[in-house]
Amino acid sequence: MSQTPPPHPAPPRARAEIDLAALRANVRALRARAPHSALMAVVKSDAYGHGMVPCARAALDAGASWLGTATPQEALALRAAGVGGRIMCWLWTPGDPWRAGIEADLDMAVSGMWALREVTAAAREAGRPARIQLKADTGLGRNGCQPADWPALVAAARAAEDEGLVAVTGLWSHFACADEPGHPSIDRQLHLFRDMVDHAEKAGVEPEVRHIANSPATLTLPESHFDLVRTGIAMYGVSPAPELGTPAELGLRPVMTLAASVALVKHVPAGHGVSYGHHYVTGGETTLGLVPLGYADGIPRHASGRGPVLVGGEWRRVAGRVAMDQFVVDLGGQTVDEGAEALLFGPGDRGEPTAEDWAQAAGTIAYEIVTRIGARVPRVHLHEQPHDPAPGRPAVVDE
């Protein structure tokens, strides 16, 4: 795993430090969990809030052989930044830029007949075949083709292949409950996925990759690894679920550290209300510290009164409501200088809270905590390396 980066000066207002050395180490650790499968680094939603392009390049440098995004716009942005190699995107809507996806050499998910019609029309216009991956709904009930409709979709895709309009490069699905070990849906989905893959292959589909494993399945279900695993949240050093273990127990290291400068410290008397609604009132004479981050920056308002922050070497809790741009901590009489660092979350090396601690405080999941950090919090990428794949240059994958 990466070494702990040295402490940084307090940011002018706030900063999210992104440890790319930790991300590389996480990718290598996840590859070791699925040694016979390729690894797709999922960088949707701005790499779960970590910065899509730097994280994509670092993941490729560490041996990921695919990148995954939700929307075609995200995938096209990677291409515009000069990122080469295989990129798959799966959340298409009618009228989306299929032709641009074809011309950018994307692998595009098809979950229904409407999508197949649009991508084949785009292939005719482009004068070249589209790379598509057929998605099966094996029980998540979200995107993907239902088993009853699968034979028709497969047959139509094969006909389009025979016309030279598409190449079916993959067959895939997604788990509903892989983060709940032993959930009965896991075996049901695996069984159905195998059946749907078998049907497609008997119909003449020759996929490059078959895949269903997400982060929790990569960590706990080797029977689900097939040809490719898709690692999202685990790549960023966040446990997919507390039931699976802490990041350290899973061999991972959190990549994001969120810090701010204390903007104001003041002494107040007993009985002083704090923030909107006065849901917090000081129990005695004390000091208050103002942290210049709020729900406009992604700090969950649901963590009002509970969110933990390390200030002056001590854990403090949000006092009162989180506002749009700021919140307050009761320093318990301690005095710190304005500009002192307030650590909201990180790996925990300096005693700071983690993203999971904030998730517990807000009644949500750690995925949401890191992903929702807003654009006005600058990302500072640490440990960038000159041998990260340059624009247009494919990654070298260690065998």
# chains A, B, ... in the order shown; residues from 1 in each chain; ligands from 1
$ residues_around --residues "region 353-359 of chain A" --least-positions-apart "2" --cutoff "8 Å" --atoms "only C-alpha atoms" --output "ChimeraX atom specification"
/A:238,303,307-310,315,343-348,351,361-366,368-370
$ select_by_dssp --residues "region 170-221 of chain A" --states "alpha helix (DSSP H)" --output "list in words"
Pro184, Ser185, Ile186, Asp187, Arg188, Gln189, Leu190, His191, Leu192, Phe193, Arg194, Asp195, Met196, Val197, Asp198, His199, Ala200, Glu201, Lys202, Ser215, Pro216, Ala217, Thr218, Leu219 and Thr220 of chain A
$ write_last_selection --atoms "C-alpha atoms" --output "PDB file, in the first residue's frame"
ATOM      1  CA  PRO A 184     -30.347 -15.666  -1.774  1.00  0.00           C
ATOM      2  CA  SER A 185     -30.597 -13.390  -4.806  1.00  0.00           C
ATOM      3  CA  ILE A 186     -26.865 -13.766  -5.461  1.00  0.00           C
ATOM      4  CA  ASP A 187     -27.048 -17.429  -6.452  1.00  0.00           C
ATOM      5  CA  ARG A 188     -30.266 -16.836  -8.381  1.00  0.00           C
ATOM      6  CA  GLN A 189     -28.678 -14.075 -10.410  1.00  0.00           C
ATOM      7  CA  LEU A 190     -25.530 -16.079 -11.100  1.00  0.00           C
ATOM      8  CA  HIS A 191     -27.569 -19.071 -12.281  1.00  0.00           C
ATOM      9  CA  LEU A 192     -29.744 -16.917 -14.534  1.00  0.00           C
ATOM     10  CA  PHE A 193     -26.738 -15.057 -15.928  1.00  0.00           C
ATOM     11  CA  ARG A 194     -25.088 -18.329 -16.911  1.00  0.00           C
ATOM     12  CA  ASP A 195     -28.320 -19.447 -18.612  1.00  0.00           C
ATOM     13  CA  MET A 196     -28.669 -16.167 -20.533  1.00  0.00           C
ATOM     14  CA  VAL A 197     -25.019 -16.235 -21.596  1.00  0.00           C
ATOM     15  CA  ASP A 198     -25.439 -19.852 -22.696  1.00  0.00           C
ATOM     16  CA  HIS A 199     -28.467 -18.939 -24.808  1.00  0.00           C
ATOM     17  CA  ALA A 200     -26.612 -16.078 -26.486  1.00  0.00           C
ATOM     18  CA  GLU A 201     -23.553 -18.170 -27.225  1.00  0.00           C
ATOM     19  CA  LYS A 202     -25.657 -20.994 -28.677  1.00  0.00           C
ATOM     20  CA  SER A 215     -16.767  -4.248  -6.181  1.00  0.00           C
ATOM     21  CA  PRO A 216     -18.323  -6.439  -3.466  1.00  0.00           C
ATOM     22  CA  ALA A 217     -18.484  -9.444  -5.786  1.00  0.00           C
ATOM     23  CA  THR A 218     -14.853  -8.915  -6.776  1.00  0.00           C
ATOM     24  CA  LEU A 219     -13.928  -9.040  -3.095  1.00  0.00           C
ATOM     25  CA  THR A 220     -16.141 -11.927  -1.955  1.00  0.00           C
TER      26      THR A 220
END
$ closest_residue --among "A:Arg86, A:His302, A:Arg316, A:Lys44" --to "Gln73 (chain A)" --atoms "only C-alpha atoms"
A:Lys44
$ closest_residue --among "A:Thr257, A:Thr231, A:Tyr48, A:Cys89" --to "Val380 (chain A)" --atoms "only C-alpha atoms"
A:Thr257
$ select_by_dssp --residues "region 120-292 of chain A" --states "strand (DSSP E)" --output "NGL selection string"
:A and (130-135 or 166-172 or 209-211 or 228-231 or 256-261 or 264-268 or 273-274 or 280-281 or 286-291)
$ residues_around --residues "region 25-42 of chain A" --least-positions-apart "4" --cutoff "8 Å" --atoms "only C-alpha atoms" --output "PyMOL selection string"
chain A and resi 1-2+21+47+56+59-60+62-69+218-219+222+225-232+234-237+251-253
$ closest_residue --among "A:Arg317, A:Met256, A:Pro247, A:Gly204" --to "Cys55 (chain A)" --atoms "only C-alpha atoms"
A:Met256
$ residues_around --residues "Glu243 (chain A)" --least-positions-apart "4" --cutoff "9 Å" --atoms "only C-alpha atoms" --output "mmCIF file with N, CA, C and O atoms, in the first residue's frame"
data_model
loop_
_atom_site.group_PDB
_atom_site.id
_atom_site.type_symbol
_atom_site.label_atom_id
_atom_site.label_comp_id
_atom_site.auth_asym_id
_atom_site.auth_seq_id
_atom_site.Cartn_x
_atom_site.Cartn_y
_atom_site.Cartn_z
ATOM 1 N N ASP A 179 -23.416 -6.930 -1.878
ATOM 2 C CA ASP A 179 -22.858 -6.370 -0.649
ATOM 3 C C ASP A 179 -23.515 -6.937 0.600
ATOM 4 O O ASP A 179 -23.233 -6.486 1.717
ATOM 5 N N GLU A 180 -24.387 -7.934 0.428
ATOM 6 C CA GLU A 180 -25.020 -8.624 1.547
ATOM 7 C C GLU A 180 -24.674 -10.108 1.455
ATOM 8 O O GLU A 180 -25.409 -10.884 0.847
ATOM 9 N N PRO A 181 -23.541 -10.508 2.025
ATOM 10 C CA PRO A 181 -23.087 -11.895 1.874
ATOM 11 C C PRO A 181 -24.164 -12.893 2.269
ATOM 12 O O PRO A 181 -24.837 -12.747 3.290
ATOM 13 N N SER A 239 -14.941 0.793 1.574
ATOM 14 C CA SER A 239 -15.564 -0.523 1.654
ATOM 15 C C SER A 239 -16.959 -0.469 1.048
ATOM 16 O O SER A 239 -17.726 0.461 1.330
#
$ atom_distance --atom1 "CA of Tyr276 (chain A)" --atom2 "CA of Val322 (chain A)"
8.4 Å
